[in-house]
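Visitor: Following this message is one structure expressed as structure tokens.
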Amino acid sequence: MRKHAALAITVVLSLVLATRFRCCAQNSTPTEYQIKAAFIYNFARFTDWPGRAFADANSPMVIGVLGQNVFGDDLALTINGKVIKGHPLQFKQFGSLDEATGCQVLFISASEKSHFSKIIGRLQDASILTVSEKTDDFISDGGMINLIIMSNKVRFQINNDAAKKAGLTISSKLLSLAVNNPH
């Protein structure tokens, strides 16, 4: 059963990537950050937020970047025009943590690595799905999803305890695909 769920998620991610990049790229191989943008979109699709995370049922779901925007336009293009559970997706680049507290998904760039524990501490009571990349400290500091490269493929770790503490519910399908899950 677990293999079927993993296969289903893999197929969904593949379809999203194939349809997203077929029309946009002359080179058929997506870049690392195009793939990571698709992962972030799917993390949002497979996570549930408490009602208090949104002003109302039709409020936008804000997916933002704190620190250096390693995605360029890829994340904004990936989510452009999409809706999740009645919430139109909106991209924002944040210059400070204070600006970022109103979003639902926050990619914390590795440029903020020296501040991870402070950032996570400030967001601890907020219903914000925190995502970062390429760092061992992020999950141990209380971050929720860490994007990593394994065998030249983008994979991810999930700290489900941190997500639950923030009132978020990550789909069991997504949890089953996580690697080296510390919790």
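We label chains A, B, ... in the order they appear in the structure tokens, count residues from 1 in each chain, and number ligands from 1 in the order shown.
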What's the 8 Å shell around Asn69 of chain A, counting only C-alpha atoms, without same-chain residues fewer than 4 positions away, as a list in words?

Guide: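 Skipping anything fewer than 4 positions along the chain leaves Val65, Gln93 and Ser109 of chain A.
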
Visitor: So that I can check the surroundings of Ser132 of chain A, please list as a PyMOL selection string every protein, DNA and RNA residue that reaches within 8 Å of it, counting only C-alpha atoms and ignoring chain neighbours fewer than 6 positions away.

Guide: chain A and resi 107-110+138+143+145-147

Visitor: Show me, as a compact mmCIF listing (two decimals) with C-alpha atoms, in the first residue's frame, the residues that have an atom within 7 Å of segment 32-44 of chain A when counting only C-alpha atoms, minus same-chain residues fewer than 4 positions from it.

Guide:
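Generated output (selection_3.txt):
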```txt
# COMPACT_ATOMS: atom_id res chain seq x y z
CA LEU A 17 6.72 19.09 -13.85
CA PHE A 71 14.37 30.72 -7.68
CA ASP A 74 10.61 29.98 -11.30
CA LEU A 75 8.57 29.86 -8.08
CA THR A 78 5.04 27.74 -11.05
CA ILE A 79 2.25 28.98 -8.79
```

Visitor: Tell me, as a compact mmCIF listing (two decimals) with C-alpha atoms, in the first residue's frame, which residues lie within 7 Å of Ile148 of chain A, counting only C-alpha atoms; anything in the same chain fewer than 6 positions away does not count.

Guide:
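Here's the written file result-v9.txt:
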```txt
# COMPACT_ATOMS: atom_id res chain seq x y z
CA GLU A 133 17.37 23.67 1.38
CA LYS A 134 20.79 22.09 1.58
CA VAL A 154 15.78 16.53 -5.32
CA ARG A 155 14.43 14.86 -2.19
CA PHE A 156 13.13 16.22 1.09
```

Visitor: Near Thr47 of chain A, counting only C-alpha atoms, which residues have an atom at most 10 Å away, once you skip same-chain residues fewer than 5 positions from it, shown as JSON, numbers by chain?

Guide: {"A": [42, 105, 129, 163, 168, 169, 170, 171, 172, 174]}

Visitor: Grab the residues selected above and save them as a compact mmCIF listing (two decimals), in the first residue's frame with C-alpha atoms.

Guide:
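The new file result19.txt reads:
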```txt
# COMPACT_ATOMS: atom_id res chain seq x y z
CA ASN A 42 3.03 20.32 -4.05
CA VAL A 105 4.47 28.85 3.05
CA LEU A 129 4.97 25.85 6.56
CA ALA A 163 4.38 21.06 11.55
CA LEU A 168 -0.44 22.10 10.19
CA THR A 169 -1.38 18.66 8.91
CA ILE A 170 0.94 17.19 6.30
CA SER A 171 -0.60 14.44 4.19
CA SER A 172 0.50 10.91 5.02
CA LEU A 174 3.76 13.31 1.45
```

Visitor: Using only C-alpha atoms, pick whichever of A:Lys164, A:Lys92, A:Ala57, A:Lys153 has the shortest atom-to-atom distance to Asp73 of chain A.

Guide: A:Lys92

Visitor: Residues near Ser96 of chain A, anyone? I mean within 10 Å using only C-alpha atoms, not counting same-chain ones fewer than 4 positions away, as a list in words.

Guide: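 Counting only C-alpha atoms, the residues come to Val65, Leu66, Gly67, Ala100 and Thr101 of chain A.
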
Visitor: Convert the current residue selection to file output with N, CA and C atoms, as a CSV table (one decimal), in the first residue's frame.

Guide:
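After the write, result.csv holds the following:
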```
chain,number,residue,atom,x,y,z
A,65,VAL,N,9.4,34.0,-0.1
A,65,VAL,CA,10.9,33.7,0.1
A,65,VAL,C,11.4,34.8,1.0
A,66,LEU,N,12.2,34.3,2.0
A,66,LEU,CA,12.9,35.2,2.9
A,66,LEU,C,14.4,35.0,2.6
A,67,GLY,N,15.0,36.1,2.4
A,67,GLY,CA,16.5,36.0,2.0
A,67,GLY,C,16.6,36.0,0.5
A,100,ALA,N,7.2,38.6,6.7
A,100,ALA,CA,6.8,37.3,6.3
A,100,ALA,C,5.8,36.6,7.2
A,101,THR,N,5.5,37.2,8.3
A,101,THR,CA,4.6,36.5,9.3
A,101,THR,C,3.2,36.3,8.8
```

Visitor: Going by DSSP on the backbone, which residues of chain A come out as strand (DSSP E)? List them as a PyMOL selection string.

Guide: chain A and resi 47-48+61-66+83-84+87-94+105-108+129-133+145-150+153-158+169-170

Visitor: Measuring between only C-alpha atoms, which one of A:Lys173, A:Leu123, A:Phe46, A:Ala55 shows the shortest distance to Glu99 of chain A?

Guide: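 Of all the options, A:Leu123 lies closest to Glu99 of chain A.
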
Visitor: Looking only at alpha helix (DSSP H) from DSSP on the backbone, list the matching residues of segment 8-123 of chain A as a VMD selection string.

Guide: chain A and resid 8 to 22 32 to 45 74 to 79 97 to 100 116 to 123

Visitor: Just give me the gap between atom CA of Gln157 of chain A and atom CA of Asp141 of chain A in Å, one decimal is fine.

Guide: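 According to the coordinates, atom CA of Gln157 of chain A and atom CA of Asp141 of chain A are separated by 13.1 Å.
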
Visitor: Could you give me, as a PyMOL selection string, the residues within 12 Å of Ala53 of chain A, counting only C-alpha atoms and dropping anything in the same chain fewer than 2 positions from it?

Guide: chain A and resi 48-51+55-62+87+101-105+125-129+166-168

Visitor: Name the closest residue to Thr135 of chain A among the candidates A:Arg122, A:Ser114, A:Ser176, A:Leu89; distances are taken between atoms, counting only C-alpha atoms.

Guide: A:Ser114

Visitor: Could you work out how far atom CA of Val179 of chain A lies from atom CA of Asn152 of chain A, giving the answer in Å with one decimal?

Guide: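 Between atom CA of Asn152 of chain A and atom CA of Val179 of chain A the gap is 14.2 Å.
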
Visitor: Interatomic distance between atom CA of Gly81 of chain A and atom CA of Pro30 of chain A?

Guide: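 About the pair atom CA of Gly81 of chain A and atom CA of Pro30 of chain A: they are 20.1 Å apart.
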